[in-house]
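S.K.: Compact mmCIF, C-alpha atoms, saved as coords-v9.txt, coming up:
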# COMPACT_ATOMS: atom_id res chain seq x y z
CA MET A 1 19.51 -4.82 7.39
CA LYS A 2 18.63 -8.49 7.06
CA THR A 3 15.26 -10.00 7.92
CA ARG A 4 13.21 -12.86 6.57
CA VAL A 5 11.56 -10.35 4.22
CA THR A 6 14.84 -9.09 2.75
CA GLU A 7 15.90 -12.69 2.19
CA LEU A 8 12.53 -13.71 0.72
CA LEU A 9 12.35 -10.78 -1.69
CA GLN A 10 16.09 -10.36 -2.30
CA ILE A 11 16.08 -6.70 -1.28
CA GLU A 12 18.37 -4.58 0.87
CA TYR A 13 15.82 -2.99 3.21
CA PRO A 14 12.59 -4.59 4.50
CA VAL A 15 10.29 -1.99 2.93
CA VAL A 16 7.55 -2.75 0.41
CA GLN A 17 5.77 0.04 -1.45
CA GLY A 18 2.00 -0.28 -1.42
CA GLY A 19 -0.07 -0.90 -4.56
CA LEU A 20 -1.39 2.70 -4.73
CA ALA A 21 -4.16 2.54 -7.30
CA TYR A 22 -3.67 4.93 -10.25
CA LEU A 23 -0.30 6.06 -8.82
CA ALA A 24 2.10 3.10 -8.61
CA TYR A 25 3.75 3.03 -11.99
CA ALA A 26 7.25 2.48 -13.32
CA GLU A 27 8.90 5.67 -12.07
CA LEU A 28 7.88 5.14 -8.46
CA ALA A 29 8.35 1.37 -8.45
CA ALA A 30 11.85 1.63 -9.90
CA ALA A 31 12.83 4.39 -7.47
CA VAL A 32 11.78 2.31 -4.46
CA SER A 33 13.60 -0.76 -5.76
CA ASN A 34 16.73 1.27 -6.59
CA ALA A 35 16.70 2.64 -3.04
CA GLY A 36 16.77 -0.91 -1.66
CA GLY A 37 13.11 -1.67 -1.06
CA LEU A 38 10.53 -3.46 -3.18
CA GLY A 39 8.69 -1.17 -5.57
CA GLN A 40 5.40 -2.23 -7.12
CA VAL A 41 3.39 -1.52 -10.25
CA THR A 42 -0.39 -1.41 -9.89
CA ALA A 43 -1.94 -3.81 -12.39
CA MET A 44 -5.67 -3.25 -12.13
CA SER A 45 -5.39 0.51 -12.64
CA LEU A 46 -4.13 -0.17 -16.15
CA PRO A 47 -6.58 -0.66 -19.03
CA SER A 48 -5.20 -3.86 -20.56
CA PRO A 49 -2.59 -6.63 -20.37
CA GLU A 50 -0.66 -4.82 -23.08
CA ALA A 51 -0.51 -1.67 -20.98
CA LEU A 52 0.70 -3.71 -18.00
CA ARG A 53 3.39 -5.36 -20.11
CA GLU A 54 4.57 -1.94 -21.25
CA GLU A 55 4.71 -0.67 -17.66
CA ILE A 56 6.63 -3.74 -16.48
CA GLN A 57 9.13 -3.39 -19.30
CA LYS A 58 9.52 0.30 -18.54
CA THR A 59 10.22 -0.56 -14.89
CA LYS A 60 12.85 -3.07 -16.00
CA SER A 61 14.51 -0.33 -18.05
CA LEU A 62 14.76 1.85 -14.92
CA THR A 63 15.99 -0.74 -12.41
CA ASP A 64 17.78 -4.06 -12.33
CA LYS A 65 16.49 -4.74 -8.82
CA PRO A 66 13.48 -6.91 -7.88
CA PHE A 67 10.04 -5.31 -8.05
CA GLY A 68 6.49 -6.55 -7.78
CA VAL A 69 3.07 -6.18 -9.37
CA ASN A 70 0.05 -5.51 -7.19
CA PHE A 71 -3.38 -6.97 -7.97
CA ALA A 72 -6.33 -5.18 -6.36
CA ILE A 73 -8.66 -8.02 -7.24
CA GLY A 74 -11.65 -6.66 -5.39
CA GLN A 75 -11.75 -3.64 -7.69
CA HIS A 76 -15.23 -3.63 -9.27
CA GLY A 77 -15.06 -7.40 -9.81
CA ARG A 78 -12.95 -6.87 -12.91
CA PRO A 79 -11.30 -10.05 -14.30
CA TYR A 80 -7.60 -10.18 -13.53
CA GLU A 81 -6.50 -13.49 -15.09
CA HIS A 82 -5.06 -12.04 -18.30
CA MET A 83 -3.28 -9.33 -16.33
CA LEU A 84 -1.75 -11.95 -14.05
CA ASP A 85 -0.67 -14.05 -17.02
CA THR A 86 1.13 -11.01 -18.43
CA ALA A 87 3.00 -10.38 -15.18
CA LEU A 88 4.04 -14.02 -14.99
CA GLU A 89 5.13 -14.05 -18.64
CA GLU A 90 7.32 -11.05 -17.91
CA GLY A 91 9.00 -12.93 -15.06
CA VAL A 92 8.00 -10.52 -12.31
CA PRO A 93 9.49 -12.02 -9.12
CA VAL A 94 6.80 -10.82 -6.70
CA ILE A 95 3.04 -10.34 -6.84
CA SER A 96 0.87 -8.93 -4.10
CA VAL A 97 -2.87 -9.30 -3.65
CA THR A 98 -5.23 -6.82 -2.04
CA GLY A 99 -8.99 -7.11 -1.69
CA GLY A 100 -11.17 -10.02 -2.66
CA ASN A 101 -10.37 -13.70 -2.31
CA PRO A 102 -6.66 -14.30 -3.10
CA GLU A 103 -6.94 -18.09 -3.41
CA PRO A 104 -7.71 -18.36 -7.16
CA LEU A 105 -4.84 -16.01 -7.98
CA ILE A 106 -2.39 -17.85 -5.77
CA ARG A 107 -3.47 -21.22 -7.18
CA ARG A 108 -2.77 -19.88 -10.66
CA THR A 109 0.90 -19.34 -9.68
CA GLU A 110 1.52 -22.85 -8.33
CA GLY A 111 4.79 -24.32 -9.53
CA LEU A 112 6.18 -20.94 -10.57
CA HIS A 113 9.11 -19.10 -8.98
CA VAL A 114 7.13 -16.08 -7.85
CA LYS A 115 6.70 -14.81 -4.30
CA LYS A 116 3.15 -14.10 -3.16
CA LEU A 117 2.25 -11.34 -0.66
CA VAL A 118 -1.30 -10.94 0.64
CA LEU A 119 -2.73 -7.89 2.42
CA VAL A 120 -4.76 -8.85 5.49
CA GLY A 121 -6.64 -7.01 8.20
CA SER A 122 -7.12 -9.76 10.78
CA VAL A 123 -5.58 -12.88 12.28
CA ARG A 124 -8.15 -15.06 10.48
CA GLN A 125 -7.27 -13.59 7.10
CA ALA A 126 -3.55 -14.03 7.78
CA GLN A 127 -4.00 -17.69 8.69
CA LYS A 128 -6.10 -18.25 5.59
CA ALA A 129 -3.45 -16.61 3.40
CA GLU A 130 -0.77 -18.83 4.88
CA SER A 131 -2.88 -21.94 4.35
CA ILE A 132 -3.35 -21.25 0.63
CA GLY A 133 0.32 -20.64 -0.07
CA ALA A 134 1.14 -16.98 0.62
CA ASP A 135 4.85 -16.43 1.21
CA ALA A 136 4.22 -13.44 3.47
CA VAL A 137 1.34 -11.32 4.69
CA MET A 138 1.04 -7.55 4.95
CA ALA A 139 -1.09 -6.82 8.02
CA VAL A 140 -2.73 -3.38 7.90
CA GLY A 141 -3.97 -1.65 11.03
CA GLN A 142 -6.91 0.73 11.05
CA GLU A 143 -4.57 3.73 10.80
CA GLY A 144 -3.77 2.81 7.21
CA GLY A 145 -4.97 4.50 4.04
CA GLY A 146 -7.24 2.90 1.49
CA HIS A 147 -9.28 -0.19 2.25
CA LEU A 148 -8.97 -1.54 5.79
CA GLY A 149 -10.11 -4.48 7.86
CA ARG A 150 -13.58 -4.26 9.35
CA ASP A 151 -12.49 -4.76 12.95
CA ASP A 152 -10.87 -1.37 13.70
CA ILE A 153 -7.77 -3.00 15.20
CA GLY A 154 -4.75 -0.71 15.45
CA THR A 155 -1.33 -1.62 14.10
CA PHE A 156 0.29 -1.95 17.53
CA VAL A 157 -2.14 -4.72 18.51
CA LEU A 158 -2.71 -6.34 15.13
CA ILE A 159 0.95 -6.93 14.24
CA PRO A 160 1.97 -9.01 17.28
CA ARG A 161 -1.32 -10.91 17.07
CA VAL A 162 -0.65 -11.84 13.45
CA VAL A 163 3.03 -12.59 14.12
CA ASP A 164 2.00 -15.01 16.86
CA SER A 165 -0.58 -16.67 14.60
CA VAL A 166 1.38 -17.53 11.44
CA ARG A 167 4.79 -18.96 10.59
CA ILE A 168 5.41 -16.94 7.42
CA PRO A 169 6.97 -13.44 7.51
CA VAL A 170 4.74 -10.50 8.41
CA LEU A 171 5.00 -6.96 7.07
CA ALA A 172 3.46 -4.24 9.22
CA SER A 173 1.28 -1.67 7.48
CA GLY A 174 -0.71 1.31 8.70
CA GLY A 175 0.69 4.44 10.32
CA ILE A 176 4.30 3.86 9.25
CA GLY A 177 6.21 6.61 7.49
CA ASP A 178 9.58 7.10 9.16
CA GLY A 179 12.45 5.29 10.85
CA ARG A 180 10.69 5.19 14.20
CA GLY A 181 7.77 3.33 12.65
CA ILE A 182 10.05 0.82 10.97
CA LEU A 183 11.93 0.18 14.23
CA ALA A 184 8.65 -0.17 16.13
CA ALA A 185 7.34 -2.67 13.57
CA LEU A 186 10.45 -4.82 13.93
CA ALA A 187 10.14 -4.62 17.72
CA LEU A 188 6.57 -5.91 17.42
CA GLY A 189 7.88 -8.99 15.62
CA ALA A 190 7.31 -7.98 12.00
CA ASP A 191 9.99 -8.75 9.42
CA GLY A 192 9.42 -5.52 7.53
CA VAL A 193 6.90 -2.86 6.61
CA GLU A 194 4.57 -1.93 3.79
CA MET A 195 4.17 1.82 3.23
CA GLY A 196 1.69 3.49 0.93
CA THR A 197 0.73 7.03 1.85
CA ARG A 198 4.30 8.17 2.54
CA PHE A 199 5.41 7.19 -0.95
CA ILE A 200 2.70 9.37 -2.52
CA ALA A 201 4.48 12.43 -1.15
CA THR A 202 7.71 11.75 -3.05
CA LYS A 203 9.14 13.28 -6.20
CA GLU A 204 8.91 10.04 -8.17
CA CYS A 205 5.18 9.66 -7.57
CA ILE A 206 4.71 11.77 -10.69
CA HIS A 207 1.04 10.94 -11.25
CA ALA A 208 -0.06 12.46 -7.92
CA HIS A 209 -1.34 16.01 -8.38
CA PRO A 210 0.42 18.73 -6.33
CA ALA A 211 -2.88 19.45 -4.57
CA TYR A 212 -3.00 15.83 -3.36
CA LYS A 213 0.58 15.92 -2.13
CA ASN A 214 -0.07 19.28 -0.49
CA ALA A 215 -3.09 17.84 1.34
CA LEU A 216 -0.85 15.10 2.75
CA ILE A 217 1.75 17.64 3.88
CA LYS A 218 -0.68 20.11 5.44
CA GLY A 219 -2.97 17.52 6.99
CA THR A 220 -2.60 16.23 10.53
CA GLU A 221 -3.58 12.88 11.97
CA HIS A 222 -7.06 14.40 12.42
CA ASP A 223 -7.51 15.07 8.72
CA THR A 224 -8.55 11.65 7.46
CA ARG A 225 -11.99 10.09 7.26
CA VAL A 226 -13.28 6.54 6.81
CA ILE A 227 -15.77 6.24 3.98
CA LYS A 228 -17.81 3.25 2.75
CA ARG A 229 -18.24 1.88 6.27
CA THR A 230 -21.98 1.57 5.67
CA LEU A 231 -21.17 -0.61 2.65
CA GLY A 232 -19.07 -3.00 4.73
CA ALA A 233 -15.88 -1.88 2.98
CA PRO A 234 -14.29 0.79 5.20
CA ALA A 235 -11.57 2.83 3.52
CA ARG A 236 -9.54 5.78 4.82
CA VAL A 237 -9.20 8.98 2.80
CA VAL A 238 -7.77 12.45 3.28
CA ARG A 239 -10.43 14.94 4.26
CA THR A 240 -11.70 16.92 1.27
CA PRO A 241 -15.08 18.43 0.42
CA GLY A 242 -15.57 15.46 -1.88
CA SER A 243 -15.00 12.89 0.85
CA GLU A 244 -17.17 14.85 3.30
CA HIS A 245 -20.00 14.71 0.78
CA ILE A 246 -19.69 10.91 0.64
CA LEU A 247 -19.97 10.73 4.42
CA GLU A 248 -23.02 12.99 4.38
CA MET A 249 -24.69 10.67 1.88
CA GLU A 250 -23.86 7.65 4.03
CA ALA A 251 -25.29 9.38 7.10
CA LYS A 252 -28.56 9.86 5.20
CA GLY A 253 -28.75 6.12 4.51
CA PHE A 254 -27.91 6.16 0.82
CA GLY A 255 -27.07 2.72 -0.56
CA TYR A 256 -24.44 1.47 -2.97
CA GLU A 257 -26.23 2.41 -6.17
CA GLN A 258 -26.64 5.99 -4.98
CA LEU A 259 -23.07 6.19 -3.69
CA LYS A 260 -21.49 4.48 -6.68
CA PRO A 261 -20.87 7.61 -8.79
CA TYR A 262 -19.18 9.34 -5.85
CA ILE A 263 -16.88 6.49 -4.75
CA SER A 264 -15.80 5.45 -8.23
CA GLY A 265 -12.32 5.30 -9.66
CA GLU A 266 -13.24 8.31 -11.77
CA ARG A 267 -13.95 10.39 -8.66
CA ASN A 268 -10.72 9.13 -7.12
CA ARG A 269 -8.72 10.23 -10.17
CA LEU A 270 -10.55 13.54 -10.24
CA PHE A 271 -8.67 14.54 -7.09
CA ILE A 272 -5.43 12.56 -7.19
CA HIS A 273 -4.71 13.31 -10.86
CA LYS A 274 -6.49 16.63 -11.44
CA GLY A 275 -6.56 18.19 -7.97
CA ASN A 276 -10.35 18.65 -7.83
CA GLU A 277 -10.97 18.34 -4.10
CA GLN A 278 -14.56 19.58 -4.34
CA GLU A 279 -15.75 16.52 -6.22
CA GLY A 280 -12.95 13.96 -5.81
CA PHE A 281 -11.27 12.03 -3.03
CA GLY A 282 -7.89 10.47 -2.33
CA TRP A 283 -6.75 7.57 -0.16
CA ALA A 284 -4.54 8.47 2.80
CA GLY A 285 -3.63 7.06 6.20
CA GLN A 286 -3.26 8.81 9.53
CA VAL A 287 0.48 8.90 8.86
CA ILE A 288 -0.15 12.20 7.06
CA GLY A 289 0.41 13.71 10.50
CA LEU A 290 4.09 12.78 10.07
CA ILE A 291 4.52 13.99 6.48
CA GLU A 292 6.12 17.42 6.13
CA ASP A 293 7.83 17.41 2.73
CA VAL A 294 8.19 15.78 -0.68
CA PRO A 295 11.65 14.19 -0.86
CA SER A 296 13.01 11.85 -3.48
CA VAL A 297 12.55 8.18 -2.65
CA GLN A 298 16.29 7.82 -2.09
CA GLU A 299 16.30 10.77 0.31
CA LEU A 300 13.38 9.24 2.17
CA PHE A 301 15.16 5.89 2.54
CA ASP A 302 18.38 7.55 3.69
CA ARG A 303 16.47 9.57 6.27
CA MET A 304 14.38 6.66 7.55
CA PHE A 305 17.23 4.27 8.09
CA GLN A 306 19.51 6.87 9.60
CA GLU A 307 16.72 7.68 12.03
CA ALA A 308 16.12 4.01 12.77
CA GLU A 309 19.81 3.50 13.48
CA GLU A 310 19.96 6.55 15.73
CA LYS A 311 16.90 5.49 17.71
CA LEU A 312 18.24 1.96 18.07
CA THR A 313 21.54 3.33 19.37
CA LEU A 314 19.68 5.42 21.95
CA LEU A 315 17.66 2.38 23.03
CA ASN A 316 20.81 0.32 23.43
CA LYS A 317 22.46 3.06 25.46
CA SER A 318 19.36 3.34 27.63
CA ALA A 319 19.34 -0.41 28.18
CA GLY A 320 23.03 -0.28 29.08
CA ARG A 321 22.42 2.37 31.72
CA SER A 322 19.64 0.32 33.27
Turn this file's structure into structure tokens for me.

M.R.:
Amino acid sequence: MKTRVTELLQIEYPVVQGGLAYLAYAELAAAVSNAGGLGQVTAMSLPSPEALREEIQKTKSLTDKPFGVNFAIGQHGRPYEHMLDTALEEGVPVISVTGGNPEPLIRRTEGLHVKKLVLVGSVRQAQKAESIGADAVMAVGQEGGGHLGRDDIGTFVLIPRVVDSVRIPVLASGGIGDGRGILAALALGADGVEMGTRFIATKECIHAHPAYKNALIKGTEHDTRVIKRTLGAPARVVRTPGSEHILEMEAKGFGYEQLKPYISGERNRLFIHKGNEQEGFGWAGQVIGLIEDVPSVQELFDRMFQEAEEKLTLLNKSAGRS
């Protein structure tokens, strides 16, 4: 399957694995890249540039295919410059940027042979990313997991709007977890997809606790919640007692300082790493309604693209009959 994204990133299939804070490490990134997509290592979940270098080198030992490093630069305002320098020194071919203002990071890569992807939630953000030098944008609809745009625009409307508004390739994100979603994204004009939640429920996502994966399998599209909306930073999570408590606090008008201990990275890891759903929370998109098992990444790719091919064949046959 060839699109502008496969050509840009030198990959076989137009699928990019999301940054997945505290989960996207070498084993998962390499598995996605080996299956033909673009795996990513999460930089800002690591404690130091040295730890990032070690993770990048470990990924290189597990795959000879391209992979990327994700920078969640809005995460607690933590400096990222030394982490970025490490990724560039290691010759990582792709970096992606989520949260915050991507311009300083992109400027820092000028003149280097590295592809820049920027996550956006609106047409305005996509146009801005293009103007500052992004090679592609990942447009996330409100169905997605983790931090979202503030406008509550669904993927089916957002993707064609962004495609019509920029010249660079667009990856569709939010609500995509199978071959039907990939085919739909391409039909909407996207050149590929970014998937996050679906990759958590895979065998190679070894840092995700079984309780977290089980919540994704058992949950339906009704079992996610949007927290932090009152803080102007809406983010979708799987429903747990911990996330419900956050929403109760927001409903009572609690501000950032009061909410801070409950929406922290520590509380996130409490559930996703240790399985404590009473006190922790975990990011997840509405696509959990389509997740029924925990395959290997390779099995997931095989299934998705067989399904996409079958659905495309049916569409062609239907068009022929008409």

S.K.: So how many Å separate CA of Arg269 in chain A and CA of Val118 in chain A, to one decimal?

M.R.: 24.9 Å

S.K.: Around range 204-215 of chain A, fit a box with edges along x, y and z, padding it by 8 Å on each side, then list its centre and edge lengths in Å to one decimal as lines of an AutoDock Vina configuration file.

M.R.:
center_x = 2.9
center_y = 14.6
center_z = -5.0
size_x = 28.0
size_y = 25.8
size_z = 28.6

S.K.: How many Å lie between CA of Gln127 in chain A and CA of Gln40 in chain A, rounded to one decimal?

M.R.: 24.0 Å

S.K.: In Å, with one decimal, what is the gap from CA of Gly242 in chain A to CA of Ala284 in chain A?

M.R.: 13.9 Å

S.K.: Nearest residue to Ala233 in chain A out of A:Asp151, A:Glu204, A:Glu310, A:Glu279, using all atoms listed in the file?

M.R.: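 Selected residue with least distance to Ala233 in chain A: A:Asp151.
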
S.K.: So which one's closest to Ser243 in chain A, A:Pro295, A:Gly111, A:Gly282, A:Gly144? Using all atoms listed in the file, please.

M.R.: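 Nearest to Ser243 in chain A: A:Gly282.
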
S.K.: Nearest residue to Val297 in chain A out of A:Lys203, A:Lys218, A:Lys228, A:Lys311, using only C-alpha atoms?

M.R.: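 Of A:Lys203, A:Lys218, A:Lys228, A:Lys311, the one nearest Val297 in chain A, counting only C-alpha atoms, is A:Lys203.
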
S.K.: Show me, as a PyMOL selection string, the residues that have an atom within 10 Å of Arg198 in chain A when counting all atoms listed in the file, minus same-chain residues fewer than 5 positions from it.

M.R.: chain A and resi 17-18+175-178+213+216-217+284-285+287-288+290-291+293-294+297+300

S.K.: Using all atoms listed in the file, determine which residues lie at most 12 Å from Thr86 in chain A, disregarding the query and same-chain residues fewer than 3 positions distant; provide the list as a list of chain:residue names.

M.R.: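 Skipping anything fewer than 3 positions along the chain leaves A:Ala43, A:Ser48, A:Pro49, A:Glu50, A:Ala51, A:Leu52, A:Arg53, A:Glu54, A:Glu55, A:Ile56, A:Gln57, A:Val69, A:Tyr80, A:Glu81, A:His82, A:Met83, A:Glu89, A:Glu90, A:Gly91, A:Val92, A:Ile95.
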
S.K.: For C-alpha atoms, I'd like the residues from the last selection saved as a CSV table (one decimal), in the coordinates of the input.

M.R.:
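Saved result, part.csv, follows:
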chain,number,residue,atom,x,y,z
A,43,ALA,CA,-1.9,-3.8,-12.4
A,48,SER,CA,-5.2,-3.9,-20.6
A,49,PRO,CA,-2.6,-6.6,-20.4
A,50,GLU,CA,-0.7,-4.8,-23.1
A,51,ALA,CA,-0.5,-1.7,-21.0
A,52,LEU,CA,0.7,-3.7,-18.0
A,53,ARG,CA,3.4,-5.4,-20.1
A,54,GLU,CA,4.6,-1.9,-21.2
A,55,GLU,CA,4.7,-0.7,-17.7
A,56,ILE,CA,6.6,-3.7,-16.5
A,57,GLN,CA,9.1,-3.4,-19.3
A,69,VAL,CA,3.1,-6.2,-9.4
A,80,TYR,CA,-7.6,-10.2,-13.5
A,81,GLU,CA,-6.5,-13.5,-15.1
A,82,HIS,CA,-5.1,-12.0,-18.3
A,83,MET,CA,-3.3,-9.3,-16.3
A,89,GLU,CA,5.1,-14.0,-18.6
A,90,GLU,CA,7.3,-11.0,-17.9
A,91,GLY,CA,9.0,-12.9,-15.1
A,92,VAL,CA,8.0,-10.5,-12.3
A,95,ILE,CA,3.0,-10.3,-6.8

S.K.: Which residues, written as a PyMOL selection string, have at least one atom at most 10 Å from His207 in chain A, with only C-alpha atoms counted and residues fewer than 5 positions away on the same chain left out?

M.R.: chain A and resi 22-25+27-28+200+269+272-274

S.K.: Show me as a ChimeraX atom specification the residues that reach within 12 Å of (-3.4, -18.0, 5.1), counting all atoms listed in the file and using the file's own coordinates.

M.R.: /A:101-103,106,116-139,162,165-170

S.K.: Once you have the residues from the selection above, write them out as a JSON list (two decimals), in the frame of the given file, restricted to C-alpha atoms.

M.R.:
[["chain", "number", "residue", "atom", "x", "y", "z"],
["A", 101, "ASN", "CA", -10.37, -13.70, -2.31],
["A", 102, "PRO", "CA", -6.66, -14.30, -3.10],
["A", 103, "GLU", "CA", -6.94, -18.09, -3.41],
["A", 106, "ILE", "CA", -2.39, -17.85, -5.77],
["A", 116, "LYS", "CA", 3.15, -14.10, -3.16],
["A", 117, "LEU", "CA", 2.25, -11.34, -0.66],
["A", 118, "VAL", "CA", -1.30, -10.94, 0.64],
["A", 119, "LEU", "CA", -2.73, -7.89, 2.42],
["A", 120, "VAL", "CA", -4.76, -8.85, 5.49],
["A", 121, "GLY", "CA", -6.64, -7.01, 8.20],
["A", 122, "SER", "CA", -7.12, -9.76, 10.78],
["A", 123, "VAL", "CA", -5.58, -12.88, 12.28],
["A", 124, "ARG", "CA", -8.15, -15.06, 10.48],
["A", 125, "GLN", "CA", -7.27, -13.59, 7.10],
["A", 126, "ALA", "CA", -3.55, -14.03, 7.78],
["A", 127, "GLN", "CA", -4.00, -17.69, 8.69],
["A", 128, "LYS", "CA", -6.10, -18.25, 5.59],
["A", 129, "ALA", "CA", -3.45, -16.61, 3.40],
["A", 130, "GLU", "CA", -0.77, -18.83, 4.88],
["A", 131, "SER", "CA", -2.88, -21.94, 4.35],
["A", 132, "ILE", "CA", -3.35, -21.25, 0.63],
["A", 133, "GLY", "CA", 0.32, -20.64, -0.07],
["A", 134, "ALA", "CA", 1.14, -16.98, 0.62],
["A", 135, "ASP", "CA", 4.85, -16.43, 1.21],
["A", 136, "ALA", "CA", 4.22, -13.44, 3.47],
["A", 137, "VAL", "CA", 1.34, -11.32, 4.69],
["A", 138, "MET", "CA", 1.04, -7.55, 4.95],
["A", 139, "ALA", "CA", -1.09, -6.82, 8.02],
["A", 162, "VAL", "CA", -0.65, -11.84, 13.45],
["A", 165, "SER", "CA", -0.58, -16.67, 14.60],
["A", 166, "VAL", "CA", 1.38, -17.53, 11.44],
["A", 167, "ARG", "CA", 4.79, -18.96, 10.59],
["A", 168, "ILE", "CA", 5.41, -16.94, 7.42],
["A", 169, "PRO", "CA", 6.97, -13.44, 7.51],
["A", 170, "VAL", "CA", 4.74, -10.50, 8.41]]

S.K.: Rank A:Ala211, A:Leu38, A:Ile227, A:Cys205 by their smallest atom-to-atom distance to Glu7 in chain A, using all atoms listed in the file, and report the top residue only.

M.R.: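 Ranked by minimum distance to Glu7 in chain A, first place goes to A:Leu38.
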
S.K.: Return the single residue from A:Gly289, A:Ile246, A:Pro79, A:Ala251 that is closest to Arg267 in chain A, with distances computed using only C-alpha atoms.

M.R.: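 Between A:Gly289, A:Ile246, A:Pro79, A:Ala251, the residue approaching Arg267 in chain A most closely is A:Ile246.
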
S.K.: Given the choices A:Glu12, A:Thr63, A:Gln286, A:Asn268, which gets closest to His222 in chain A if the distance is worked out from only C-alpha atoms?

M.R.: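 Using only C-alpha atoms, the shortest distance to His222 in chain A belongs to A:Gln286.
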
S.K.: Excluding Phe271 in chain A and its own-chain neighbours fewer than 6 positions away, which residues fall within 6 Å of it when counting only C-alpha atoms? Please give them as an MDAnalysis selection string.

M.R.: chainID A and resid 277 280:281

S.K.: Counting all atoms listed in the file, which residues have an atom no more than 10 Å from (-7.3, -0.2, 8.8) in the file's coordinates? Please list them as an MDAnalysis selection string.

M.R.: chainID A and resid 120:122 139:155 158 173:175 226 234:236 285:286

S.K.: Near Leu259 in chain A, within 8 Å and counting all atoms listed in the file, which residues show up once chain neighbours fewer than 5 positions away are dropped, as a list in words?

M.R.: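 These residues fall inside the cut-off: Ile246, Met249, Glu250 and Phe254 of chain A.
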